[in-house]
Every structure is written in structure tokens, then in C-alpha cells.
Amino acid sequence: MSFRRSFLIRAVGSLILFPIAAFTKKVKSAEEINTGGCYDVIVIGSGAAGLTAAIFAADKGKKVAVFEKMPVIGGNTLISSGILNAPDPHRQDLQGIQDSEDLFFNQSFQAGHFKSNPQLLSLMVKNANPTLRWLESIGVKFKKGVFQVYGGLWPRSHYPSISHGRGYVAVLSEQCRIRNIPIYTNCEVYELIKKNGKVSGVKVLYKGEERIFNAQNGVVIASGGFTANLNKCYKLDPNLHGMKYTGAPSATGEMLDIAEKAGAQLKDLEEIQCNLGPDIGYKHRSGFHLDVTRHILVNKLGNRFVAEDNARDVIRDAVFIQPERIVFSLVDKGGFQNLGSLFQQASILGEREGEHYSALTIEELARKMKVPYQNLKNSIDHYNSAVDTKKDSFGRERWMLQEKIQNPPFYAARVKMAIHYTMGGIVINEKAQVLDKNNEPISGLYAAGEVTTGVHGKNRVGGNGLLDAFVFGRIAGESVAVK
Ligand SMILES: Cc1cc2nc3c(=O)[nH]c(=O)nc-3n(C[C@H](O)[C@H](O)[C@H](O)COP(=O)(O)OP(=O)(O)OC[C@H]3O[C@@H](n4cnc5c(N)ncnc54)[C@H](O)[C@@H]3O)c2cc1C
């Protein structure tokens, strides 16, 4: 089977919604990949950052190619929950929500323990609304209202209409097709070529053989994080030992070493974020906790233990001191109905395998969860009365006390902390240029997205990861196009 044909089959399999014609036109001929080639810009990785960088470099008139090591495109972006933060008066005014760039900046800076690079964070914040509008203009659809995602700290989170990150990848790859940008799958970049101090191309492994591609303007690294490299994560932060990861198997982080070999400065690799996810041996990722308004967390004793609207690191530490570090995220009918279709599906499949539970009464739910009924009932009753009084003994904010847990069926998922996001990586400046150990830009080398560091400090705000990837993808694409 030809390279072109096998790519098509795999790509279509993973992106059901994507038109087949789009992929046929996008993939370059087998000869081109077999002989190597010459481009103005080479982008490594086909997630949010890489596809965005490719689009903006092409819009500056550059000949661009994207290399993707996996058989399918999209990386963690594809399987992400797809939630994007942006101040958005258009939606927020209708819901009576006040927001501003200053509030967004201050909340993100504080949540990251004031360790973010303020220039980079400020760029992300200022570009949040324009990025949302750009995505909408090219065809990404979002739900009507905003909400507060888990660890998101404010109701400015946008939920895509198509569950998870599939809508972004379908739309962005279509934009690449329109611009004749080839996306080569099964092509792993394993070396950056540097001549006279400038990065001028890449070495790629395709079917075990080396191909060389030149990049006249430069190379954008958009290869994502390293959460799937468990040994590296455990070594960098021994507290994570024994945890599973929530993401795609592509996130192994070898581009970090390759960039370092080319002179890049790496920083804060030990800053690794945890999120609620399945335990070792469990398969189905629950989305019950995503909409903070609609869920509560209880431990194995059926007791609440934390304000669920806290920053992610605060919740992580609270979960770590619960019995066996096992907790349950709990919603009612409204919370379930509000979920994306893939999360609903995961819940149904999870129930079959004893990882998720649903019941028409709290008593039945408690029995299935194997937690003491009276404790669970008290937890839910206390929470529901906090919604009435707008005062929660765990300190949940007033605006997160809106939805009671009262309508059957009731749902719960057994979850633990899992490795989710890497805040450390390649150091960049405001033009997305990669910096060397003396903080000088490396000529011809750019980076964007989760492979970089600086935006999130010690703790990423939920919904800021995709935003970072889109914003700096654009900046990298525009910068590399200017020779
Ligand atoms: C389960 C989950 C849910 C999430 N939900 C959200 C959310 O709702 N909102 C949010 O803001 N953030 C979320 N995140 C984080 C967000 O998904 C990521 O931060 C974002 O997708 C990163 O985009 P990226 O383009 O930098 O990397 P990716 O999307 O991971 O893309 C990187 C690509 O580079 C490829 N690659 C790597 N090395 C090479 C190489 N050597 N050669 C060629 N290709 C290579 C990879 O295979 C991959 O396809 C979530 C993360 C996970 C794991």
C-alpha cells in the first residue's frame, strides 16, 4: 500500500468528521517524502500550535511543511477536552459576567505562583479574544455560553460544539489543505540541522530511513509536552511515582533533547501538572469534573474535602491526603447532559467496567460507589443548602454555588490524580524565538505550545493550554516567515 493511501485510511479513521477529499489533496507524493526537499518553513508537530504556525507562515507567502511522527495528526490537541479561555463580552455580558484582560492576567499569574514570564503571559491574555474570534472565523464552533472549567478560576471557558479537540484539528487541517501545506505523518524529526549558527533544516525518519529537509527561513518546534514519558516525569518529580497519564502516547518529549543539542535553553521541567484521571488499570477518562458549577468531589468516606473551584495544584494536594488518594466526582442529570458526547460515551462504557456509576437514588449510588450512604447524603445536602445560602464551609465562591445536585439519575466517577500537562520546556521570547543559554535567540529556531515554558509558571490555569498553543503558534508562524 502506498504511503499516500495508508495515510488516508488512518487519518480518516481518526477524524470521522473530516472530508476525505481534504486529505487527498493535502498529502504530498511519495517521491517527495522519499527524496527529502526544500521549504521556507518546517513545522514539527500537528497539534494546535503546529497547525496554527503553519497557517500563519503560509499566509505570509511561505512554502511550509508539517512533520508529524504519529500515524494520525492532532497530538494532545485532538484528545483534549477542547476548552478555551478568553474574555468574551459577546457571551459573558448575556450571562452577567464581568471580565477583563487584567483580571485574566492576574488570576493566571497568581495561579502560577507568580513564576510565569509576565511578557509571555500578557501576550497570551491580550491575544485570547482575537484568537477566539479567529477560530470562529475559520469555522470552529463553540457553545453559546461560557462556564468555569476545572482549575479555570473564572467563567470565561468556551466549550467547542464538537466534543473534545476534534473540531480544532479538522478545521485547522482543512485550512492547511486550502493553503497546500503538506502534513507528513509517520515522519519523526530526530535532528535539527544547524549551519553557521542558524537552524536550516531537519533530519526526519520515515519508515526507518533518514530524509533531509531544508528550511530556508527556519524551523518551528511544536512537538507538545512529555507527559507520556512516565520515567522522565517520575524522575523529575518523585511525588508522581505510580501515576498514569491522561494524554496521548505521542507526548514523549524527545524534541526537548534535540533542541537542547542545538543550543536551546530548557527550564522548569520539574513543573508537571496533575489532573483528575483514571487510576492505573482503569481506562475511561471522566469529564464530570470539567464544569465546576455542576460537580462536587467526595472521598472514599463519602465526604467533601475541598472547594472544587480551586486551582488545580490546590485540589491535587487535597486529593493526595484523602484515603488511598481515591476520590469521586459527582454530578446529577444536568451535569451529565451538559457533557460532550465523547465524555458521555466514556461514562457509559466506564459503568460497564465498574469505573463509573449511575443510579436513580443517592442510596443506590452510594452502594455502587461503596461509600457510606449517610455521609454521601450529608455531603450532597450540605452542598445543596450552600447553593441556597451562597455560603460554603469549604469556601466555594458564590458564583460557583448555582446548581444543586438534585435531579436523578446521579452519576459518579472514581478518579485519582494523573499526570496531565508539562509547564516546563524550551525557553522562548515574545517572538517565539528559541533562546540559548545566554538568553540570545538561536537563528532560524522557533517554538510554540506545550513544548515551551514561561506562560504558566508553576500551575497552569485550566483552559489556558490550548490558548497558549494557538496564540504562540500564530506568533511563531508570523515570526519565522520574516527572514
Ligand atoms: C486529556 C487532556 C485534556 C486536555 N484538555 C484541555 C482543555 O480542555 N483545554 C486546554 O486549554 N488544554 C487542555 N489540555 C492541554 C492541551 O491539550 C495541550 O496543552 C495542547 O493540545 C498542546 O498543543 P501542542 O500543539 O503544543 O501539542 P500537541 O497537540 O500535543 O501536538 C504535538 C504534536 O507533535 C508531534 N511530535 C512530537 N515529537 C515529534 C517529532 N520528533 N517529530 C514529529 N512530530 C512530533 C506529536 O506526535 C503531536 O502530534 C488537555 C490535555 C490533555 C492530555
# chains A, B, ... in the order shown; residues from 1 in each chain; ligands from 1

call {"tool": "residues_near_ligand", "arguments": {"ligand": "ligand 1", "cutoff": "7 Å", "atoms": "only C-alpha atoms and all ligand atoms", "output": "JSON, numbers by chain"}}
result
{"A": [44, 45, 46, 47, 48, 49, 50, 67, 68, 69, 70, 73, 74, 75, 76, 77, 78, 79, 80, 81, 82, 83, 84, 187, 188, 189, 190, 222, 223, 224, 225, 246, 247, 248, 250, 251, 253, 254, 255, 420, 421, 448, 449, 450, 451, 462, 463, 464, 465, 466, 467, 469]}

call {"tool": "select_by_dssp", "arguments": {"residues": "range 223-333 of chain A", "states": "strand (DSSP E or B)", "output": "NGL selection string"}}
result
:A and (245 or 264 or 266-267 or 272-277 or 291 or 296-299 or 304 or 327-331)

call {"tool": "write_last_selection", "arguments": {"atoms": "N, CA and C atoms", "output": "mmCIF file, in the first residue's frame"}}
result
data_model
loop_
_atom_site.group_PDB
_atom_site.id
_atom_site.type_symbol
_atom_site.label_atom_id
_atom_site.label_comp_id
_atom_site.auth_asym_id
_atom_site.auth_seq_id
_atom_site.Cartn_x
_atom_site.Cartn_y
_atom_site.Cartn_z
ATOM 1 N N TYR A 245 -0.901 8.645 33.015
ATOM 2 C CA TYR A 245 -1.020 9.956 32.372
ATOM 3 C C TYR A 245 -2.344 10.025 31.632
ATOM 4 N N ALA A 264 19.393 25.054 22.598
ATOM 5 C CA ALA A 264 18.248 25.677 23.285
ATOM 6 C C ALA A 264 18.378 25.571 24.802
ATOM 7 N N LEU A 266 16.553 24.967 28.288
ATOM 8 C CA LEU A 266 15.353 24.335 28.840
ATOM 9 C C LEU A 266 15.195 24.800 30.288
ATOM 10 N N LYS A 267 13.956 24.897 30.727
ATOM 11 C CA LYS A 267 13.712 25.399 32.082
ATOM 12 C C LYS A 267 12.475 24.750 32.710
ATOM 13 N N ILE A 272 5.237 19.823 36.719
ATOM 14 C CA ILE A 272 4.337 18.910 35.996
ATOM 15 C C ILE A 272 2.961 18.948 36.666
ATOM 16 N N GLN A 273 1.950 19.185 35.852
ATOM 17 C CA GLN A 273 0.601 19.344 36.409
ATOM 18 C C GLN A 273 -0.157 18.014 36.460
ATOM 19 N N CYS A 274 -0.898 17.843 37.563
ATOM 20 C CA CYS A 274 -1.785 16.672 37.680
ATOM 21 C C CYS A 274 -3.226 17.120 37.459
ATOM 22 N N ASN A 275 -4.040 16.160 37.064
ATOM 23 C CA ASN A 275 -5.469 16.413 36.874
ATOM 24 C C ASN A 275 -6.197 15.149 37.298
ATOM 25 N N LEU A 276 -7.499 15.252 37.510
ATOM 26 C CA LEU A 276 -8.259 14.053 37.837
ATOM 27 C C LEU A 276 -8.303 13.160 36.611
ATOM 28 N N GLY A 277 -7.995 11.909 36.808
ATOM 29 C CA GLY A 277 -7.976 10.979 35.679
ATOM 30 C C GLY A 277 -8.154 9.564 36.183
ATOM 31 N N ASP A 291 -17.024 20.899 34.380
ATOM 32 C CA ASP A 291 -17.836 22.088 34.654
ATOM 33 C C ASP A 291 -17.969 22.228 36.166
ATOM 34 N N ILE A 296 -19.398 17.967 42.459
ATOM 35 C CA ILE A 296 -18.689 18.014 43.743
ATOM 36 C C ILE A 296 -17.737 16.828 43.798
ATOM 37 N N LEU A 297 -16.750 16.954 44.680
ATOM 38 C CA LEU A 297 -15.812 15.856 44.898
ATOM 39 C C LEU A 297 -16.034 15.288 46.293
ATOM 40 N N VAL A 298 -16.065 13.973 46.399
ATOM 41 C CA VAL A 298 -16.107 13.328 47.729
ATOM 42 C C VAL A 298 -15.018 12.273 47.784
ATOM 43 N N ASN A 299 -14.630 11.928 49.024
ATOM 44 C CA ASN A 299 -13.611 10.882 49.174
ATOM 45 C C ASN A 299 -14.276 9.523 49.410
ATOM 46 N N ARG A 304 -17.139 15.469 51.380
ATOM 47 C CA ARG A 304 -16.448 16.513 50.609
ATOM 48 C C ARG A 304 -15.193 16.907 51.374
ATOM 49 N N VAL A 327 -10.784 9.504 44.908
ATOM 50 C CA VAL A 327 -11.947 10.385 45.126
ATOM 51 C C VAL A 327 -12.980 10.127 44.033
ATOM 52 N N PHE A 328 -14.151 10.710 44.220
ATOM 53 C CA PHE A 328 -15.232 10.542 43.251
ATOM 54 C C PHE A 328 -15.722 11.923 42.832
ATOM 55 N N SER A 329 -15.897 12.084 41.529
ATOM 56 C CA SER A 329 -16.505 13.301 41.024
ATOM 57 C C SER A 329 -17.973 12.975 40.744
ATOM 58 N N LEU A 330 -18.850 13.844 41.214
ATOM 59 C CA LEU A 330 -20.276 13.508 41.227
ATOM 60 C C LEU A 330 -21.119 14.601 40.571
ATOM 61 N N VAL A 331 -22.018 14.205 39.688
ATOM 62 C CA VAL A 331 -22.941 15.161 39.049
ATOM 63 C C VAL A 331 -24.356 14.564 39.047
#

call {"tool": "closest_residue", "arguments": {"among": "A:Gly152, A:Pro409, A:Pro118, A:Gly424", "to": "Leu236 in chain A", "atoms": "only C-alpha atoms"}}
result
A:Gly424

call {"tool": "select_by_dssp", "arguments": {"residues": "range 12-142 of chain A", "states": "alpha helix (DSSP H)", "output": "VMD selection string"}}
result
chain A and resid 12 to 14 20 to 26 30 to 35 48 to 59 75 to 79 89 to 92 101 to 111 118 to 126 128 to 138

call {"tool": "atom_distance", "arguments": {"atom1": "CA of Ile138 in chain A", "atom2": "CA of Ala481 in chain A"}}
result
21.0 Å

call {"tool": "residues_around", "arguments": {"residues": "Glu324 in chain A", "least_positions_apart": "5", "cutoff": "10 Å", "atoms": "only C-alpha atoms", "output": "MDAnalysis selection string"}}
result
chainID A and resid 299:300 319 416

call {"tool": "write_last_selection", "arguments": {"atoms": "N, CA and C atoms", "output": "PDB file, in the first residue's frame"}}
result
ATOM      1  N   ASN A 299     -14.630  11.928  49.024  1.00  0.00           N
ATOM      2  CA  ASN A 299     -13.611  10.882  49.174  1.00  0.00           C
ATOM      3  C   ASN A 299     -14.276   9.523  49.410  1.00  0.00           C
ATOM      4  N   LYS A 300     -13.454   8.523  49.741  1.00  0.00           N
ATOM      5  CA  LYS A 300     -13.988   7.161  49.903  1.00  0.00           C
ATOM      6  C   LYS A 300     -14.947   7.045  51.077  1.00  0.00           C
ATOM      7  N   VAL A 319      -6.351  16.103  47.277  1.00  0.00           N
ATOM      8  CA  VAL A 319      -6.626  14.691  46.934  1.00  0.00           C
ATOM      9  C   VAL A 319      -5.532  13.793  47.514  1.00  0.00           C
ATOM     10  N   LYS A 416      -8.460   9.449  40.272  1.00  0.00           N
ATOM     11  CA  LYS A 416      -7.233   9.699  41.040  1.00  0.00           C
ATOM     12  C   LYS A 416      -6.495  10.828  40.347  1.00  0.00           C
TER      13      LYS A 416
END

call {"tool": "residues_around", "arguments": {"residues": "Leu342 in chain A", "least_positions_apart": "4", "cutoff": "12 Å", "atoms": "only C-alpha atoms", "output": "list in words"}}
result
Ile79, Ser80, Ser81, Gly82, Ser161, Ile162, Ser163, His164, Gly165, Arg166, His284, Arg285, Ser286, Gly287, Phe288, Phe336, Gln337, Asn338, Ala346, Ser347, Ile348, Leu349 and Gly350 of chain A

call {"tool": "write_last_selection", "arguments": {"atoms": "N, CA and C atoms", "output": "short mmCIF file (atom, residue, chain, number, x, y, z; two decimals), in the first residue's frame"}}
result
data_model
loop_
_atom_site.label_atom_id
_atom_site.label_comp_id
_atom_site.auth_asym_id
_atom_site.auth_seq_id
_atom_site.Cartn_x
_atom_site.Cartn_y
_atom_site.Cartn_z
N ILE A 79 -7.23 14.94 21.48
CA ILE A 79 -7.95 14.23 22.56
C ILE A 79 -8.25 15.13 23.75
N SER A 80 -7.81 16.40 23.66
CA SER A 80 -8.07 17.31 24.77
C SER A 80 -9.58 17.51 24.95
N SER A 81 -9.94 18.11 26.07
CA SER A 81 -11.37 18.40 26.28
C SER A 81 -11.81 19.58 25.42
N GLY A 82 -10.84 20.29 24.85
CA GLY A 82 -11.16 21.32 23.87
C GLY A 82 -11.56 22.67 24.46
N SER A 161 -18.41 22.97 20.13
CA SER A 161 -19.65 22.23 19.86
C SER A 161 -19.37 20.77 19.54
N ILE A 162 -18.23 20.51 18.88
CA ILE A 162 -17.85 19.12 18.62
C ILE A 162 -17.01 18.66 19.80
N SER A 163 -17.39 17.52 20.38
CA SER A 163 -16.75 17.06 21.62
C SER A 163 -15.23 16.95 21.47
N HIS A 164 -14.52 17.36 22.49
CA HIS A 164 -13.06 17.29 22.58
C HIS A 164 -12.39 18.20 21.53
N GLY A 165 -11.12 17.87 21.17
CA GLY A 165 -10.38 18.76 20.28
C GLY A 165 -10.55 18.43 18.80
N ARG A 166 -11.50 17.55 18.48
CA ARG A 166 -11.63 17.11 17.09
C ARG A 166 -11.98 18.25 16.14
N HIS A 284 -11.33 4.67 31.40
CA HIS A 284 -12.25 5.68 30.86
C HIS A 284 -12.11 7.02 31.57
N ARG A 285 -11.71 8.04 30.82
CA ARG A 285 -11.50 9.37 31.38
C ARG A 285 -12.84 10.05 31.61
N SER A 286 -13.07 10.45 32.85
CA SER A 286 -14.34 11.10 33.17
C SER A 286 -14.26 12.60 32.91
N GLY A 287 -15.38 13.16 32.46
CA GLY A 287 -15.45 14.61 32.29
C GLY A 287 -16.36 15.26 33.32
N PHE A 288 -16.79 14.50 34.33
CA PHE A 288 -17.75 15.05 35.30
C PHE A 288 -17.23 16.31 35.99
N PHE A 336 -24.53 15.65 33.62
CA PHE A 336 -24.28 14.63 32.60
C PHE A 336 -24.69 15.14 31.22
N GLN A 337 -25.87 15.75 31.17
CA GLN A 337 -26.39 16.21 29.87
C GLN A 337 -25.52 17.30 29.27
N ASN A 338 -24.86 18.04 30.14
CA ASN A 338 -24.04 19.16 29.69
C ASN A 338 -22.70 18.71 29.09
N ALA A 346 -17.83 7.77 27.33
CA ALA A 346 -16.84 7.21 28.26
C ALA A 346 -17.51 6.78 29.56
N SER A 347 -18.51 7.57 29.96
CA SER A 347 -19.18 7.26 31.21
C SER A 347 -20.01 5.98 31.10
N ILE A 348 -20.66 5.83 29.95
CA ILE A 348 -21.48 4.62 29.74
C ILE A 348 -20.57 3.39 29.68
N LEU A 349 -19.47 3.52 28.93
CA LEU A 349 -18.54 2.39 28.84
C LEU A 349 -17.87 2.14 30.20
N GLY A 350 -17.54 3.24 30.89
CA GLY A 350 -16.90 3.13 32.21
C GLY A 350 -17.80 2.42 33.21
#

call {"tool": "atom_distance", "arguments": {"atom1": "CA of Ser100 in chain A", "atom2": "CA of Gly334 in chain A"}}
result
29.1 Å

call {"tool": "closest_residue", "arguments": {"among": "A:Arg91, A:Lys198, A:Lys261, A:His382", "to": "Ile426 in chain A", "atoms": "only C-alpha atoms"}}
result
A:Lys261

call {"tool": "atom_distance", "arguments": {"atom1": "CA of Val64 in chain A", "atom2": "CA of Asn129 in chain A"}}
result
26.6 Å

call {"tool": "residues_around", "arguments": {"residues": "Val66 in chain A", "least_positions_apart": "2", "cutoff": "6 Å", "atoms": "only C-alpha atoms", "output": "list of chain:residue names"}}
result
A:Ile42, A:Val43, A:Ile44, A:Ile183

call {"tool": "write_last_selection", "arguments": {"atoms": "C-alpha atoms", "output": "PDB file, in the first residue's frame"}}
result
ATOM      1  CA  ILE A  42       9.275  23.421   8.551  1.00  0.00           C
ATOM      2  CA  VAL A  43       6.901  22.832  11.454  1.00  0.00           C
ATOM      3  CA  ILE A  44       7.420  19.892  13.798  1.00  0.00           C
ATOM      4  CA  ILE A 183       1.281  17.293   6.569  1.00  0.00           C
TER       5      ILE A 183
END

call {"tool": "residues_around", "arguments": {"residues": "Gly477 in chain A", "least_positions_apart": "3", "cutoff": "12 Å", "atoms": "only C-alpha atoms", "output": "VMD selection string"}}
result
chain A and resid 40 to 44 49 to 66 217 to 222 431 to 433 444 to 448 469 to 474 480 to 483

call {"tool": "closest_residue", "arguments": {"among": "A:Pro441, A:Gly112, A:Gly208, A:Gly335", "to": "Leu290 in chain A", "atoms": "only C-alpha atoms"}}
result
A:Gly335

call {"tool": "residues_around", "arguments": {"residues": "range 376-378 of chain A", "least_positions_apart": "4", "cutoff": "7 Å", "atoms": "only C-alpha atoms", "output": "number ranges by chain"}}
result
A: 302-303, 362, 366, 372, 382
